[in-house]
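S.K.: Hey, dropping coords18.txt in here, compact mmCIF, C-alpha atoms:
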# COMPACT_ATOMS: atom_id res chain seq x y z
CA MET A 234 -40.71 -188.95 -116.39
CA ALA A 235 -38.32 -189.12 -113.47
CA GLN A 236 -35.81 -186.93 -115.33
CA ARG A 237 -38.52 -184.36 -116.05
CA ALA A 238 -39.53 -184.27 -112.36
CA ALA A 239 -35.90 -183.83 -111.33
CA ALA A 240 -35.50 -181.01 -113.85
CA VAL A 241 -38.59 -179.27 -112.49
CA ARG A 242 -37.28 -179.56 -108.91
CA SER A 243 -33.84 -178.23 -109.85
CA ALA A 244 -35.37 -175.36 -111.83
CA GLY A 245 -37.25 -174.19 -108.75
CA ARG A 246 -34.15 -174.15 -106.56
CA PRO A 247 -31.78 -171.18 -106.30
CA GLY A 248 -28.23 -171.61 -107.61
CA LYS A 249 -25.19 -172.08 -105.40
CA THR A 250 -24.11 -168.48 -105.92
CA ALA A 251 -27.52 -167.21 -104.87
CA VAL A 252 -27.52 -169.44 -101.79
CA ALA A 253 -24.02 -168.24 -100.81
CA GLY A 254 -25.06 -164.62 -101.34
CA LEU A 255 -28.15 -165.13 -99.23
CA GLY A 256 -26.06 -166.62 -96.42
CA LEU A 257 -23.66 -163.64 -96.51
CA LEU A 258 -26.42 -161.03 -96.55
CA LEU A 259 -27.04 -160.88 -92.79
CA PRO A 260 -23.40 -160.99 -91.55
CA GLY A 261 -22.35 -158.55 -94.28
CA SER A 262 -25.06 -156.08 -93.26
CA ILE A 263 -24.04 -156.38 -89.59
CA LEU A 264 -20.36 -155.75 -90.41
CA ILE A 265 -21.18 -152.67 -92.50
CA LEU A 266 -23.42 -151.24 -89.78
CA TRP A 267 -20.80 -152.04 -87.14
CA GLN A 268 -18.07 -150.28 -89.15
CA VAL A 269 -20.21 -147.20 -89.73
CA LEU A 270 -21.23 -146.89 -86.07
CA GLY A 271 -17.64 -147.33 -84.90
CA HIS A 272 -16.27 -144.89 -87.49
CA TYR A 273 -18.57 -142.12 -86.29
CA GLY A 274 -17.94 -142.88 -82.60
CA MET A 275 -21.47 -144.08 -81.86
CA ILE A 276 -20.15 -147.19 -80.10
CA SER A 277 -17.15 -147.62 -77.81
CA ASP A 278 -13.86 -148.48 -79.54
CA MET A 279 -12.75 -150.15 -76.33
CA LEU A 280 -15.65 -152.59 -76.18
CA PHE A 281 -16.48 -152.86 -79.89
CA PRO A 282 -13.46 -152.18 -82.10
CA THR A 283 -14.42 -151.77 -85.75
CA PRO A 284 -14.11 -154.72 -88.16
CA TYR A 285 -11.24 -152.87 -89.86
CA THR A 286 -9.31 -152.68 -86.56
CA ILE A 287 -9.98 -156.37 -85.92
CA ALA A 288 -8.76 -157.21 -89.44
CA GLU A 289 -5.55 -155.24 -88.76
CA SER A 290 -4.98 -157.27 -85.57
CA PHE A 291 -5.60 -160.49 -87.50
CA VAL A 292 -3.03 -159.55 -90.14
CA ALA A 293 -0.49 -158.56 -87.47
CA LEU A 294 -0.94 -161.83 -85.56
CA ALA A 295 -0.79 -163.89 -88.75
CA SER A 296 2.33 -162.08 -89.97
CA SER A 297 4.14 -162.59 -86.66
CA GLY A 298 3.26 -166.30 -86.63
CA ASP A 299 1.67 -166.15 -83.17
CA LEU A 300 -1.78 -166.91 -84.56
CA TRP A 301 -0.73 -170.03 -86.47
CA SER A 302 1.41 -171.48 -83.67
CA ASN A 303 -1.42 -171.10 -81.15
CA LEU A 304 -3.96 -172.39 -83.66
CA ARG A 305 -1.95 -175.57 -84.30
CA ILE A 306 -1.83 -176.28 -80.58
CA SER A 307 -5.58 -175.67 -80.16
CA VAL A 308 -6.51 -177.84 -83.15
CA ALA A 309 -4.32 -180.69 -81.86
CA ARG A 310 -6.01 -180.49 -78.45
CA ALA A 311 -9.53 -180.34 -79.90
CA LEU A 312 -8.95 -183.27 -82.27
CA SER A 313 -7.27 -185.39 -79.59
CA GLY A 314 -10.13 -184.83 -77.15
CA PHE A 315 -12.74 -185.41 -79.85
CA LEU A 316 -11.17 -188.66 -81.07
CA LEU A 317 -10.79 -189.95 -77.52
CA GLY A 318 -14.23 -188.95 -76.28
CA GLY A 319 -16.08 -189.61 -79.53
CA GLY A 320 -14.41 -192.98 -80.04
CA LEU A 321 -15.27 -194.14 -76.53
CA GLY A 322 -18.78 -192.75 -76.95
CA LEU A 323 -19.26 -194.73 -80.16
CA LEU A 324 -18.05 -197.99 -78.60
CA SER A 325 -20.12 -197.45 -75.46
CA GLY A 326 -23.21 -196.55 -77.47
CA ILE A 327 -22.90 -199.72 -79.54
CA LEU A 328 -22.36 -201.86 -76.45
CA VAL A 329 -25.26 -200.36 -74.49
CA GLY A 330 -27.53 -200.25 -77.53
CA LEU A 331 -27.05 -203.89 -78.43
CA PHE A 332 -27.19 -205.51 -75.01
CA ARG A 333 -29.81 -204.90 -72.31
CA ARG A 334 -27.48 -206.05 -69.54
CA SER A 335 -24.87 -203.50 -70.61
CA GLU A 336 -27.54 -200.81 -70.56
CA LYS A 337 -28.57 -201.68 -67.01
CA LEU A 338 -24.95 -201.85 -65.89
CA LEU A 339 -23.45 -198.78 -67.56
CA ASP A 340 -26.15 -196.32 -68.58
CA PRO A 341 -27.22 -195.09 -65.08
CA SER A 342 -23.61 -194.27 -64.15
CA LEU A 343 -22.91 -192.60 -67.50
CA GLN A 344 -26.06 -190.50 -67.26
CA MET A 345 -25.05 -189.38 -63.78
CA ILE A 346 -21.61 -188.32 -65.06
CA ARG A 347 -23.28 -186.51 -67.97
CA MET A 348 -25.13 -184.27 -65.54
CA ILE A 349 -21.90 -183.01 -63.97
CA PRO A 350 -20.97 -179.63 -65.57
CA SER A 351 -17.54 -179.54 -67.20
CA LEU A 352 -16.60 -176.46 -65.18
CA ALA A 353 -17.22 -178.42 -61.98
CA VAL A 354 -14.57 -181.02 -62.82
CA VAL A 355 -11.91 -178.55 -63.99
CA PRO A 356 -10.35 -178.12 -60.48
CA LEU A 357 -10.36 -181.89 -60.01
CA PHE A 358 -8.71 -182.52 -63.38
CA ILE A 359 -6.04 -179.92 -62.57
CA LEU A 360 -5.37 -181.60 -59.21
CA TRP A 361 -5.18 -185.03 -60.81
CA PHE A 362 -3.34 -184.27 -64.05
CA GLY A 363 -1.84 -180.81 -63.53
CA ILE A 364 -2.08 -178.02 -66.09
CA GLY A 365 -0.46 -180.07 -68.86
CA GLU A 366 -2.06 -181.48 -71.98
CA GLU A 367 -3.68 -184.43 -70.19
CA SER A 368 -6.18 -182.36 -68.23
CA LYS A 369 -7.17 -180.32 -71.31
CA VAL A 370 -7.62 -183.34 -73.58
CA LEU A 371 -9.64 -185.21 -70.95
CA LEU A 372 -11.86 -182.20 -70.34
CA ILE A 373 -12.57 -181.97 -74.07
CA ALA A 374 -13.13 -185.74 -74.23
CA LYS A 375 -15.73 -185.55 -71.46
CA GLY A 376 -17.81 -183.13 -73.48
CA ALA A 377 -17.30 -185.05 -76.74
CA PHE A 378 -18.28 -188.42 -75.27
CA PHE A 379 -21.98 -188.00 -74.56
CA PRO A 380 -23.44 -186.71 -77.85
CA VAL A 381 -21.95 -189.67 -79.75
CA TYR A 382 -22.89 -192.11 -76.99
CA ILE A 383 -26.53 -191.01 -76.74
CA ASN A 384 -27.14 -190.71 -80.49
CA THR A 385 -25.49 -194.07 -81.21
CA PHE A 386 -27.66 -195.69 -78.54
CA MET A 387 -30.82 -194.04 -79.94
CA GLY A 388 -29.90 -194.98 -83.51
CA ILE A 389 -29.45 -198.65 -82.64
CA ARG A 390 -32.62 -198.83 -80.56
CA GLY A 391 -34.52 -197.02 -83.30
CA THR A 392 -33.75 -199.72 -85.88
CA ASP A 393 -36.92 -201.31 -87.23
CA ASN A 394 -37.43 -204.71 -85.58
CA LYS A 395 -38.78 -206.10 -88.86
CA LEU A 396 -35.31 -205.81 -90.33
CA PHE A 397 -34.02 -208.18 -87.67
CA GLU A 398 -36.72 -210.67 -88.58
CA VAL A 399 -35.68 -210.47 -92.23
CA SER A 400 -32.02 -210.96 -91.29
CA LYS A 401 -32.92 -214.10 -89.34
CA VAL A 402 -34.75 -215.46 -92.39
CA LEU A 403 -31.64 -214.74 -94.48
CA GLY A 404 -29.50 -216.57 -91.95
CA PHE A 405 -27.36 -213.58 -90.86
CA SER A 406 -25.04 -214.21 -87.94
CA ARG A 407 -24.99 -211.80 -84.97
CA VAL A 408 -21.85 -210.08 -86.28
CA LYS A 409 -23.32 -209.77 -89.75
CA GLN A 410 -26.50 -208.29 -88.30
CA ILE A 411 -24.47 -205.60 -86.55
CA VAL A 412 -22.23 -204.79 -89.52
CA ARG A 413 -24.79 -205.04 -92.33
CA LEU A 414 -27.95 -203.95 -90.55
CA VAL A 415 -27.63 -202.19 -87.21
CA LEU A 416 -24.74 -199.81 -87.84
CA PRO A 417 -25.93 -198.64 -91.30
CA ALA A 418 -29.40 -197.97 -89.86
CA ALA A 419 -27.84 -195.97 -87.01
CA VAL A 420 -25.54 -193.87 -89.24
CA PRO A 421 -27.87 -190.80 -89.37
CA ASN A 422 -27.99 -190.65 -85.57
CA ILE A 423 -24.27 -191.32 -85.24
CA MET A 424 -23.38 -188.51 -87.64
CA LEU A 425 -25.67 -186.15 -85.74
CA GLY A 426 -23.82 -187.13 -82.56
CA VAL A 427 -20.48 -186.51 -84.26
CA ARG A 428 -21.54 -183.00 -85.29
CA LEU A 429 -22.74 -182.18 -81.77
CA SER A 430 -19.60 -183.73 -80.32
CA LEU A 431 -17.34 -181.57 -82.48
CA GLY A 432 -19.16 -178.45 -81.33
CA LEU A 433 -18.74 -179.41 -77.69
CA SER A 434 -15.08 -180.23 -78.32
CA TRP A 435 -14.43 -176.63 -79.38
CA LEU A 436 -16.44 -175.42 -76.39
CA GLY A 437 -14.42 -177.62 -74.03
CA LEU A 438 -11.22 -176.35 -75.64
CA VAL A 439 -12.16 -172.75 -74.90
CA VAL A 440 -12.92 -173.62 -71.26
CA ALA A 441 -9.66 -175.53 -70.86
CA GLU A 442 -7.47 -172.86 -72.45
CA LEU A 443 -9.09 -169.92 -70.71
CA ILE A 444 -8.74 -171.48 -67.25
CA ALA A 445 -5.34 -173.17 -67.24
CA SER A 446 -3.09 -172.83 -70.25
CA THR A 447 0.09 -171.17 -71.46
CA SER A 448 -0.58 -171.62 -75.18
CA GLY A 449 -3.43 -171.89 -77.66
CA ILE A 450 -6.06 -169.51 -78.99
CA GLY A 451 -7.89 -169.43 -75.65
CA TYR A 452 -4.68 -168.43 -73.87
CA MET A 453 -4.06 -165.75 -76.50
CA MET A 454 -7.54 -164.34 -75.80
CA SER A 455 -7.04 -164.48 -72.03
CA ASP A 456 -3.68 -162.73 -72.30
CA ALA A 457 -5.18 -160.03 -74.53
CA ARG A 458 -8.01 -159.50 -72.04
CA GLN A 459 -5.52 -158.69 -69.29
CA PHE A 460 -4.04 -155.93 -71.44
CA ALA A 461 -7.46 -154.71 -72.66
CA ASP A 462 -6.50 -155.66 -76.24
CA THR A 463 -10.09 -156.18 -77.38
CA PRO A 464 -9.33 -156.64 -81.12
CA VAL A 465 -7.22 -159.73 -80.33
CA VAL A 466 -10.10 -161.15 -78.28
CA PHE A 467 -12.38 -160.72 -81.29
CA VAL A 468 -9.76 -162.36 -83.51
CA GLY A 469 -9.79 -165.39 -81.21
CA ILE A 470 -13.60 -165.55 -81.29
CA ILE A 471 -13.59 -165.39 -85.10
CA VAL A 472 -10.92 -168.10 -85.34
CA PHE A 473 -12.92 -170.41 -83.07
CA ALA A 474 -16.07 -169.76 -85.09
CA ALA A 475 -14.29 -170.42 -88.40
CA ALA A 476 -12.65 -173.60 -87.09
CA GLY A 477 -15.98 -174.88 -85.77
CA LEU A 478 -17.75 -174.09 -89.04
CA LEU A 479 -15.02 -175.76 -91.09
CA SER A 480 -15.07 -178.94 -88.99
CA ASP A 481 -18.88 -179.08 -89.14
CA THR A 482 -18.78 -178.62 -92.93
CA VAL A 483 -16.33 -181.52 -93.29
CA VAL A 484 -18.59 -183.78 -91.21
CA ARG A 485 -21.62 -182.73 -93.24
CA LEU A 486 -19.83 -183.63 -96.48
CA ILE A 487 -18.93 -187.06 -95.05
CA GLU A 488 -22.51 -187.46 -93.86
CA ARG A 489 -23.85 -186.60 -97.31
CA ARG A 490 -21.67 -189.28 -98.91
CA LEU A 491 -22.63 -191.90 -96.33
CA LEU A 492 -26.35 -191.13 -96.64
CA ARG A 493 -26.64 -190.84 -100.42
CA TRP A 494 -29.25 -193.59 -100.30
CA GLN A 495 -31.62 -191.44 -98.25
CA ASP A 496 -34.33 -189.56 -100.12
CA SER A 497 -34.74 -186.68 -97.65
CA TYR A 498 -36.47 -183.33 -97.89
CA GLN A 499 -34.12 -180.64 -99.25
CA GLY A 500 -36.21 -177.54 -98.50
Just give me the structure of the file as structure tokens.
M.R.:
Amino acid sequence: MAQRAAAVRSAGRPGKTAVAGLGLLLPGSILILWQVLGHYGMISDMLFPTPYTIAESFVALASSGDLWSNLRISVARALSGFLLGGGLGLLSGILVGLFRRSEKLLDPSLQMIRMIPSLAVVPLFILWFGIGEESKVLLIAKGAFFPVYINTFMGIRGTDNKLFEVSKVLGFSRVKQIVRLVLPAAVPNIMLGVRLSLGLSWLGLVVAELIASTSGIGYMMSDARQFADTPVVFVGIIVFAAAGLLSDTVVRLIERRLLRWQDSYQG
């Protein structure tokens, strides 16, 4: 009976090829329209170079090696800031979520820092740490910290209190409660925080590299802007979008494996 129900559900769902085609329909239509309008001079080549021109710039940058060298630097910065900020956010979220005293001590100050825009602390970070890697990584870490922190805190506090009562009956120690009960229950919220944190890491990277940098994709875009090389700017935007999508896809795959036990709505 269960197999028949699963077969009926799978029969009503579109295949992977159809889903991929559906996802490419809108961007593909936009690219075709963009190319046609640019080809016939209906839009400015200076402001909106055609997709073909952008593709030529991408190939030229990739062939020269400039794209890959700058991309490696940007990825290293984004991952370093994400691991630093996300790791501290996870530890802080667990600490504040588990202990009321820690919440009263730390949360008000952290929430105040969260309200400070990243752009507002850029001059201060440059004064403190210079224009080297430290200021960029710390700026990215600031943005990556709070999504993980808040979602970890909410996931722990959202754990059903009845589960704690059951764990006490089973004789679980405090450490075993945290490892076997609290953290698994908070995993959906934590993974949501990780996804948001990754997105803000790429955003923080763009801010850091556009303002004070001599390398990276953001610097490449800023340098191209000075010479009105619009296709290179579009190449940088596309690279950032692709890197963000790839990192989000990896996290979603990890999330799917960790949450295989959940019977959630698939649409």
S.K.: Neighbours of Met453 in chain A within 9 Å (all atoms listed in the file; same-chain residues fewer than 2 positions away dropped), as a list in words?
M.R.: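 Those residues are Asp299, Leu300, Asn303, Glu442, Leu443, Thr447, Ser448, Gly449, Ile450, Gly451, Ser455, Asp456, Ala457, Arg458, Val465, Val466 and Gly469 of chain A.
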S.K.: Could you give me the centre and size, in Å to one decimal, of an axis-aligned box around all listed atoms of range 381-386 of chain A with 6 Å added on every side, as AutoDock Vina command-line options?
M.R.:
--center_x -24.8 --center_y -192.7 --center_z -79.0 --size_x 17.7 --size_y 18.0 --size_z 16.5
S.K.: How many Å lie between CA of Thr283 in chain A and CA of Ser446 in chain A, rounded to one decimal?
M.R.: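 We find that CA of Thr283 in chain A and CA of Ser446 in chain A lie 28.5 Å from each other.
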S.K.: Report, in Å to a single decimal, how far apart CA of Gln344 in chain A and CA of Gly365 in chain A are.
M.R.: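 If I compute the distance from CA of Gly365 in chain A to CA of Gln344 in chain A, I get 27.7 Å.
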S.K.: Please produce, as CSV, a per-residue contact table for range 365-386 of chain A versus range 422-440 of chain A (criterion: any atom at most 8 Å away, all atoms listed in the file considered), showing the nearest atom pair and its distance in Å to one decimal, sorted by chain then residue number.
M.R.:
residue,atom,partner,partner_atom,distance
A:Lys369,CA,A:Leu438,CA,7.1
A:Leu372,CA,A:Gly437,CA,6.4
A:Ile373,CA,A:Gly437,CA,4.7
A:Ala374,CA,A:Ser434,CA,7.1
A:Gly376,CA,A:Leu433,CA,5.7
A:Ala377,CA,A:Ser430,CA,4.5
A:Phe378,CA,A:Ser430,CA,7.0
A:Phe379,CA,A:Ser430,CA,7.6
A:Pro380,CA,A:Gly426,CA,4.7
A:Val381,CA,A:Gly426,CA,4.2
A:Tyr382,CA,A:Gly426,CA,7.5
A:Ile383,CA,A:Gly426,CA,7.5
A:Asn384,CA,A:Asn422,CA,5.2
A:Thr385,CA,A:Ile423,CA,5.0
S.K.: Name all residues at most 8 Å from range 395-397 of chain A (count all atoms listed in the file; drop same-chain ones fewer than 4 positions away) and give them as an MDAnalysis selection string.
M.R.: chainID A and resid 401 410 414
S.K.: Which residue gives the smallest distance to Ile287 in chain A among A:Leu255, A:Leu360, A:Ala441, A:Val468, with all atoms listed in the file counted?
M.R.: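 Answer, going by the shortest atom-to-atom distance: A:Val468.
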S.K.: Separation of CA of Tyr285 in chain A and CA of Gly271 in chain A, in Å?
M.R.: 9.8 Å
